[in-house]
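Colleague: Have a peek at model-v2.cif (mmCIF, C-alpha atoms).
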data_my_file
#
loop_
_atom_site.label_atom_id
_atom_site.label_comp_id
_atom_site.auth_asym_id
_atom_site.auth_seq_id
_atom_site.Cartn_x
_atom_site.Cartn_y
_atom_site.Cartn_z
CA MET Y 1 141.00 76.13 114.75
CA SER Y 2 137.57 77.72 114.42
CA GLU Y 3 136.28 80.50 116.60
CA SER Y 4 133.09 79.90 118.53
CA ILE Y 5 130.06 82.08 117.92
CA SER Y 6 129.09 84.41 120.74
CA SER Y 7 126.54 82.93 123.12
CA THR Y 8 124.25 85.89 122.35
CA ASN Y 9 123.63 84.23 118.95
CA ASP Y 10 122.82 80.82 120.41
CA LEU Y 11 119.42 79.34 119.58
CA SER Y 12 117.58 76.90 121.74
CA TRP Y 13 116.59 73.60 120.17
CA ASP Y 14 112.93 74.68 120.39
CA GLU Y 15 113.71 77.87 118.43
CA PHE Y 16 115.47 75.90 115.70
CA GLN Y 17 112.60 73.39 115.53
CA ARG Y 18 110.21 76.25 114.68
CA VAL Y 19 112.04 76.80 111.36
CA GLU Y 20 110.47 74.44 108.83
CA LEU Y 21 113.14 73.61 106.27
CA ARG Y 22 111.47 71.29 103.76
CA ALA Y 23 112.48 69.53 100.56
CA GLY Y 24 110.55 70.49 97.46
CA THR Y 25 110.81 69.94 93.72
CA VAL Y 26 111.01 72.87 91.31
CA ILE Y 27 108.12 72.46 88.87
CA GLU Y 28 108.22 75.83 87.08
CA VAL Y 29 110.93 78.42 86.39
CA GLU Y 30 110.46 81.83 84.77
CA ASP Y 31 112.65 84.87 84.30
CA PHE Y 32 111.88 87.66 86.80
CA PRO Y 33 112.76 90.85 84.88
CA GLU Y 34 111.07 93.10 87.47
CA ALA Y 35 113.53 92.04 90.20
CA ARG Y 36 116.23 94.54 91.19
CA ARG Y 37 118.93 91.91 90.66
CA PRO Y 38 118.77 89.04 88.16
CA ALA Y 39 116.45 86.35 89.53
CA TYR Y 40 114.06 83.56 88.64
CA ARG Y 41 110.45 83.07 89.74
CA LEU Y 42 110.05 79.49 90.96
CA LYS Y 43 107.10 77.25 91.72
CA ILE Y 44 108.08 74.48 94.11
CA ASP Y 45 106.02 71.39 94.98
CA PHE Y 46 106.21 70.54 98.69
CA GLY Y 47 103.78 67.62 98.56
CA ALA Y 48 100.12 67.22 99.46
CA GLU Y 49 100.32 68.66 103.00
CA ILE Y 50 101.98 71.97 102.01
CA GLY Y 51 101.25 72.20 98.30
CA VAL Y 52 102.93 74.36 95.66
CA ARG Y 53 104.63 77.57 96.81
CA LYS Y 54 106.11 80.49 94.85
CA SER Y 55 109.50 82.05 95.47
CA SER Y 56 112.11 84.16 93.76
CA ALA Y 57 115.77 83.26 93.79
CA GLN Y 58 118.86 85.21 92.76
CA ILE Y 59 120.59 82.16 91.32
CA THR Y 60 120.99 83.14 87.67
CA ASP Y 61 124.81 83.25 87.92
CA LEU Y 62 125.13 79.47 88.28
CA TYR Y 63 121.84 77.97 87.09
CA GLN Y 64 119.95 77.93 83.82
CA LYS Y 65 116.19 77.45 83.92
CA SER Y 66 116.61 73.94 82.50
CA ASP Y 67 119.02 73.06 85.37
CA LEU Y 68 116.32 73.82 87.93
CA LEU Y 69 113.27 71.97 86.60
CA GLY Y 70 112.84 68.75 88.56
CA ARG Y 71 115.58 69.66 91.04
CA GLN Y 72 114.93 69.27 94.74
CA VAL Y 73 115.79 72.26 96.92
CA LEU Y 74 115.56 73.07 100.63
CA ALA Y 75 113.32 75.97 101.56
CA VAL Y 76 111.84 77.56 104.66
CA VAL Y 77 108.07 77.20 104.34
CA ASN Y 78 106.85 78.90 107.52
CA PHE Y 79 108.00 82.49 107.03
CA PRO Y 80 105.17 84.92 106.32
CA PRO Y 81 104.72 85.75 102.62
CA LYS Y 82 106.92 88.60 101.39
CA GLN Y 83 106.15 90.99 98.55
CA ILE Y 84 109.05 91.07 96.07
CA GLY Y 85 108.20 93.51 93.32
CA PRO Y 86 105.01 92.30 91.62
CA MET Y 87 105.13 88.79 93.15
CA ARG Y 88 104.36 87.42 96.59
CA SER Y 89 107.07 85.01 97.75
CA GLU Y 90 105.64 82.15 99.83
CA CYS Y 91 108.86 80.37 100.84
CA LEU Y 92 112.58 81.06 101.14
CA VAL Y 93 114.83 78.93 98.95
CA THR Y 94 118.14 78.38 100.74
CA GLY Y 95 121.67 78.52 99.40
CA VAL Y 96 125.23 79.39 100.28
CA ARG Y 97 127.07 82.34 98.77
CA ARG Y 98 130.41 81.65 97.11
CA GLN Y 99 133.38 83.99 97.42
CA ASP Y 100 132.46 85.61 94.08
CA GLY Y 101 128.91 86.30 95.32
CA ALA Y 102 127.13 83.58 93.32
CA VAL Y 103 124.61 81.50 95.28
CA VAL Y 104 124.88 77.69 95.36
CA LEU Y 105 121.53 76.07 96.17
CA ALA Y 106 121.15 73.96 99.29
CA SER Y 107 119.80 70.59 98.25
CA VAL Y 108 119.62 66.92 99.19
CA ASP Y 109 122.04 64.19 98.04
CA GLU Y 110 119.25 61.75 97.19
CA THR Y 111 115.63 62.23 96.18
CA VAL Y 112 113.28 62.39 99.18
CA PRO Y 113 109.50 62.84 99.32
CA ASN Y 114 108.43 66.44 98.73
CA GLY Y 115 107.61 68.12 102.02
CA ASN Y 116 110.02 66.08 104.11
CA ARG Y 117 111.58 68.18 106.84
CA LEU Y 118 115.27 68.78 107.44
CA GLU Y 119 116.16 66.92 110.64
#
Let me see the file written as structure tokens.
Modeller:
Amino acid sequence: MSESISSTNDLSWDEFQRVELRAGTVIEVEDFPEARRPAYRLKIDFGAEIGVRKSSAQITDLYQKSDLLGRQVLAVVNFPPKQIGPMRSECLVTGVRRQDGAVVLASVDETVPNGNRLE
């Protein structure tokens, strides 16, 4: 039996709708040696409406650069840009942390058009 989350954490549907989780395809992956923890610099194509966005991701435990090229990921595209060391991150790539601390990317089961929104 699962415990329910406190009602103080509840979001309204309108609040959730403001978060733009979109599918995008990784088109470039580079090492990010300036990051505090091992990470990659990613360029992700979100289609014509949103364009290409940059992000960093601490996913080096489970993914090689070659694993990521062409892979679709889910990312939040409407957070303000965030300075991460020498780069400006323009989206937040999502994932779920395993028990050992490694991050498993959130993705789609089938290919969808870049920029499509999580419903």
Colleague: Separation of atom CA of Trp13 of chain Y and atom CA of Leu118 of chain Y, in Å?
Modeller: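 Separation of atom CA of Trp13 of chain Y and atom CA of Leu118 of chain Y: 13.7 Å.
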Colleague: Evaluate the PyMOL selection byres ((chain Y and resi 103-115) around 7) against this structure - the residues, as a PDB file with C-alpha atoms, in the frame of the given file, please.
Modeller:
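Written output follows (selection-v5.pdb):
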ATOM      1  CA  ARG Y  22     111.470  71.290 103.760  1.00  0.00           C
ATOM      2  CA  ALA Y  23     112.480  69.530 100.560  1.00  0.00           C
ATOM      3  CA  GLY Y  24     110.550  70.490  97.460  1.00  0.00           C
ATOM      4  CA  THR Y  25     110.810  69.940  93.720  1.00  0.00           C
ATOM      5  CA  ASP Y  45     106.020  71.390  94.980  1.00  0.00           C
ATOM      6  CA  PHE Y  46     106.210  70.540  98.690  1.00  0.00           C
ATOM      7  CA  GLY Y  47     103.780  67.620  98.560  1.00  0.00           C
ATOM      8  CA  ILE Y  50     101.980  71.970 102.010  1.00  0.00           C
ATOM      9  CA  ILE Y  59     120.590  82.160  91.320  1.00  0.00           C
ATOM     10  CA  GLN Y  72     114.930  69.270  94.740  1.00  0.00           C
ATOM     11  CA  VAL Y  73     115.790  72.260  96.920  1.00  0.00           C
ATOM     12  CA  LEU Y  74     115.560  73.070 100.630  1.00  0.00           C
ATOM     13  CA  THR Y  94     118.140  78.380 100.740  1.00  0.00           C
ATOM     14  CA  GLY Y  95     121.670  78.520  99.400  1.00  0.00           C
ATOM     15  CA  VAL Y  96     125.230  79.390 100.280  1.00  0.00           C
ATOM     16  CA  ARG Y  97     127.070  82.340  98.770  1.00  0.00           C
ATOM     17  CA  ARG Y  98     130.410  81.650  97.110  1.00  0.00           C
ATOM     18  CA  GLY Y 101     128.910  86.300  95.320  1.00  0.00           C
ATOM     19  CA  ALA Y 102     127.130  83.580  93.320  1.00  0.00           C
ATOM     20  CA  ASN Y 116     110.020  66.080 104.110  1.00  0.00           C
ATOM     21  CA  ARG Y 117     111.580  68.180 106.840  1.00  0.00           C
TER      22      ARG Y 117
END
Colleague: Between atom CA of Lys43 of chain Y and atom CA of Val26 of chain Y, what is the distance, to one decimal in Å?
Modeller: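 Pair atom CA of Lys43 of chain Y / atom CA of Val26 of chain Y returns 5.9 Å.
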Colleague: Give me the residues near Glu20 of chain Y as a PyMOL selection string, where near means some atom within 9 Å (using all atoms listed in the file) and where sequence neighbours in that chain fewer than 4 positions away do not count.
Modeller: chain Y and resi 16+75-79+117-118
Colleague: Using only C-alpha atoms, determine which residues lie at most 12 Å from Ile84 of chain Y, disregarding the query and same-chain residues fewer than 2 positions distant; provide the list as a PyMOL selection string.
Modeller: chain Y and resi 32-37+39-41+54-58+81-82+86-92
Colleague: Atom CA of Gly85 of chain Y to atom CA of Arg53 of chain Y: how many Å, to one decimal?
Modeller: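 For atom CA of Gly85 of chain Y relative to atom CA of Arg53 of chain Y, the distance reads 16.7 Å.
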Colleague: Between Y:Asp10, Y:Asp31, Y:Val52, Y:Ile44, which has the minimum distance to Leu69 of chain Y (counting all atoms listed in the file)?
Modeller: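 Distance minimum relative to Leu69 of chain Y lands on Y:Ile44.
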Colleague: Counting all atoms listed in the file, which of Y:Asn9, Y:Asp67, Y:Glu15, Y:Ile27 gets nearest to Gly51 of chain Y?
Modeller: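 Nearest candidate to Gly51 of chain Y out of Y:Asn9, Y:Asp67, Y:Glu15, Y:Ile27: Y:Ile27.
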Colleague: Because some atoms of segment 18-47 of chain Y are absent here, can you restore N, CA and C atoms and send them as a PDB file, in the coordinates of the input?
Modeller:
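Below is the file result24.pdb, written as the result:
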ATOM      1  N   ARG Y  18     111.296  75.436 115.253  1.00  0.00           N
ATOM      2  CA  ARG Y  18     110.210  76.250 114.680  1.00  0.00           C
ATOM      3  C   ARG Y  18     110.452  76.558 113.205  1.00  0.00           C
ATOM      4  N   VAL Y  19     111.720  76.529 112.764  1.00  0.00           N
ATOM      5  CA  VAL Y  19     112.040  76.800 111.360  1.00  0.00           C
ATOM      6  C   VAL Y  19     111.768  75.528 110.559  1.00  0.00           C
ATOM      7  N   GLU Y  20     110.821  75.608 109.637  1.00  0.00           N
ATOM      8  CA  GLU Y  20     110.470  74.440 108.830  1.00  0.00           C
ATOM      9  C   GLU Y  20     111.220  74.465 107.511  1.00  0.00           C
ATOM     10  N   LEU Y  21     112.363  73.793 107.492  1.00  0.00           N
ATOM     11  CA  LEU Y  21     113.140  73.610 106.270  1.00  0.00           C
ATOM     12  C   LEU Y  21     112.654  72.317 105.631  1.00  0.00           C
ATOM     13  N   ARG Y  22     112.085  72.439 104.439  1.00  0.00           N
ATOM     14  CA  ARG Y  22     111.470  71.290 103.760  1.00  0.00           C
ATOM     15  C   ARG Y  22     112.060  71.105 102.372  1.00  0.00           C
ATOM     16  N   ALA Y  23     112.063  69.857 101.922  1.00  0.00           N
ATOM     17  CA  ALA Y  23     112.480  69.530 100.560  1.00  0.00           C
ATOM     18  C   ALA Y  23     111.298  69.725  99.624  1.00  0.00           C
ATOM     19  N   GLY Y  24     111.575  70.313  98.474  1.00  0.00           N
ATOM     20  CA  GLY Y  24     110.550  70.490  97.460  1.00  0.00           C
ATOM     21  C   GLY Y  24     111.158  70.403  96.075  1.00  0.00           C
ATOM     22  N   THR Y  25     110.344  70.074  95.098  1.00  0.00           N
ATOM     23  CA  THR Y  25     110.810  69.940  93.720  1.00  0.00           C
ATOM     24  C   THR Y  25     110.360  71.140  92.895  1.00  0.00           C
ATOM     25  N   VAL Y  26     111.309  71.732  92.190  1.00  0.00           N
ATOM     26  CA  VAL Y  26     111.010  72.870  91.310  1.00  0.00           C
ATOM     27  C   VAL Y  26     110.204  72.356  90.128  1.00  0.00           C
ATOM     28  N   ILE Y  27     108.989  72.917  89.960  1.00  0.00           N
ATOM     29  CA  ILE Y  27     108.120  72.460  88.870  1.00  0.00           C
ATOM     30  C   ILE Y  27     107.927  73.523  87.790  1.00  0.00           C
ATOM     31  N   GLU Y  28     108.341  74.761  88.074  1.00  0.00           N
ATOM     32  CA  GLU Y  28     108.220  75.830  87.080  1.00  0.00           C
ATOM     33  C   GLU Y  28     109.287  76.883  87.360  1.00  0.00           C
ATOM     34  N   VAL Y  29     109.896  77.381  86.279  1.00  0.00           N
ATOM     35  CA  VAL Y  29     110.930  78.420  86.390  1.00  0.00           C
ATOM     36  C   VAL Y  29     110.670  79.466  85.311  1.00  0.00           C
ATOM     37  N   GLU Y  30     110.635  80.735  85.724  1.00  0.00           N
ATOM     38  CA  GLU Y  30     110.460  81.830  84.770  1.00  0.00           C
ATOM     39  C   GLU Y  30     111.482  82.921  85.078  1.00  0.00           C
ATOM     40  N   ASP Y  31     111.834  83.687  84.065  1.00  0.00           N
ATOM     41  CA  ASP Y  31     112.650  84.870  84.300  1.00  0.00           C
ATOM     42  C   ASP Y  31     111.843  85.843  85.170  1.00  0.00           C
ATOM     43  N   PHE Y  32     112.537  86.670  85.934  1.00  0.00           N
ATOM     44  CA  PHE Y  32     111.880  87.660  86.800  1.00  0.00           C
ATOM     45  C   PHE Y  32     112.488  89.024  86.488  1.00  0.00           C
ATOM     46  N   PRO Y  33     112.129  89.605  85.328  1.00  0.00           N
ATOM     47  CA  PRO Y  33     112.760  90.850  84.880  1.00  0.00           C
ATOM     48  C   PRO Y  33     112.467  92.049  85.783  1.00  0.00           C
ATOM     49  N   GLU Y  34     111.406  91.983  86.592  1.00  0.00           N
ATOM     50  CA  GLU Y  34     111.070  93.100  87.470  1.00  0.00           C
ATOM     51  C   GLU Y  34     111.941  93.146  88.730  1.00  0.00           C
ATOM     52  N   ALA Y  35     112.669  92.088  89.009  1.00  0.00           N
ATOM     53  CA  ALA Y  35     113.530  92.040  90.200  1.00  0.00           C
ATOM     54  C   ALA Y  35     114.671  93.042  90.065  1.00  0.00           C
ATOM     55  N   ARG Y  36     115.114  93.576  91.205  1.00  0.00           N
ATOM     56  CA  ARG Y  36     116.230  94.540  91.190  1.00  0.00           C
ATOM     57  C   ARG Y  36     117.527  93.906  90.711  1.00  0.00           C
ATOM     58  N   ARG Y  37     117.765  92.669  91.117  1.00  0.00           N
ATOM     59  CA  ARG Y  37     118.930  91.910  90.660  1.00  0.00           C
ATOM     60  C   ARG Y  37     118.429  90.700  89.888  1.00  0.00           C
ATOM     61  N   PRO Y  38     119.229  90.190  88.957  1.00  0.00           N
ATOM     62  CA  PRO Y  38     118.770  89.040  88.160  1.00  0.00           C
ATOM     63  C   PRO Y  38     118.263  87.902  89.047  1.00  0.00           C
ATOM     64  N   ALA Y  39     117.082  87.391  88.715  1.00  0.00           N
ATOM     65  CA  ALA Y  39     116.450  86.350  89.530  1.00  0.00           C
ATOM     66  C   ALA Y  39     115.496  85.534  88.672  1.00  0.00           C
ATOM     67  N   TYR Y  40     115.100  84.396  89.225  1.00  0.00           N
ATOM     68  CA  TYR Y  40     114.060  83.560  88.640  1.00  0.00           C
ATOM     69  C   TYR Y  40     112.855  83.558  89.568  1.00  0.00           C
ATOM     70  N   ARG Y  41     111.660  83.382  88.987  1.00  0.00           N
ATOM     71  CA  ARG Y  41     110.450  83.070  89.740  1.00  0.00           C
ATOM     72  C   ARG Y  41     110.322  81.551  89.709  1.00  0.00           C
ATOM     73  N   LEU Y  42     110.140  80.948  90.859  1.00  0.00           N
ATOM     74  CA  LEU Y  42     110.050  79.490  90.960  1.00  0.00           C
ATOM     75  C   LEU Y  42     108.701  79.079  91.525  1.00  0.00           C
ATOM     76  N   LYS Y  43     108.200  77.946  91.067  1.00  0.00           N
ATOM     77  CA  LYS Y  43     107.100  77.250  91.720  1.00  0.00           C
ATOM     78  C   LYS Y  43     107.684  75.929  92.200  1.00  0.00           C
ATOM     79  N   ILE Y  44     107.462  75.643  93.486  1.00  0.00           N
ATOM     80  CA  ILE Y  44     108.080  74.480  94.110  1.00  0.00           C
ATOM     81  C   ILE Y  44     106.987  73.630  94.746  1.00  0.00           C
ATOM     82  N   ASP Y  45     106.994  72.327  94.438  1.00  0.00           N
ATOM     83  CA  ASP Y  45     106.020  71.390  94.980  1.00  0.00           C
ATOM     84  C   ASP Y  45     106.551  70.798  96.276  1.00  0.00           C
ATOM     85  N   PHE Y  46     105.839  71.061  97.382  1.00  0.00           N
ATOM     86  CA  PHE Y  46     106.210  70.540  98.690  1.00  0.00           C
ATOM     87  C   PHE Y  46     105.304  69.404  99.141  1.00  0.00           C
ATOM     88  N   GLY Y  47     104.614  68.768  98.219  1.00  0.00           N
ATOM     89  CA  GLY Y  47     103.780  67.620  98.560  1.00  0.00           C
ATOM     90  C   GLY Y  47     102.369  68.024  98.955  1.00  0.00           C
TER      91      GLY Y  47
END
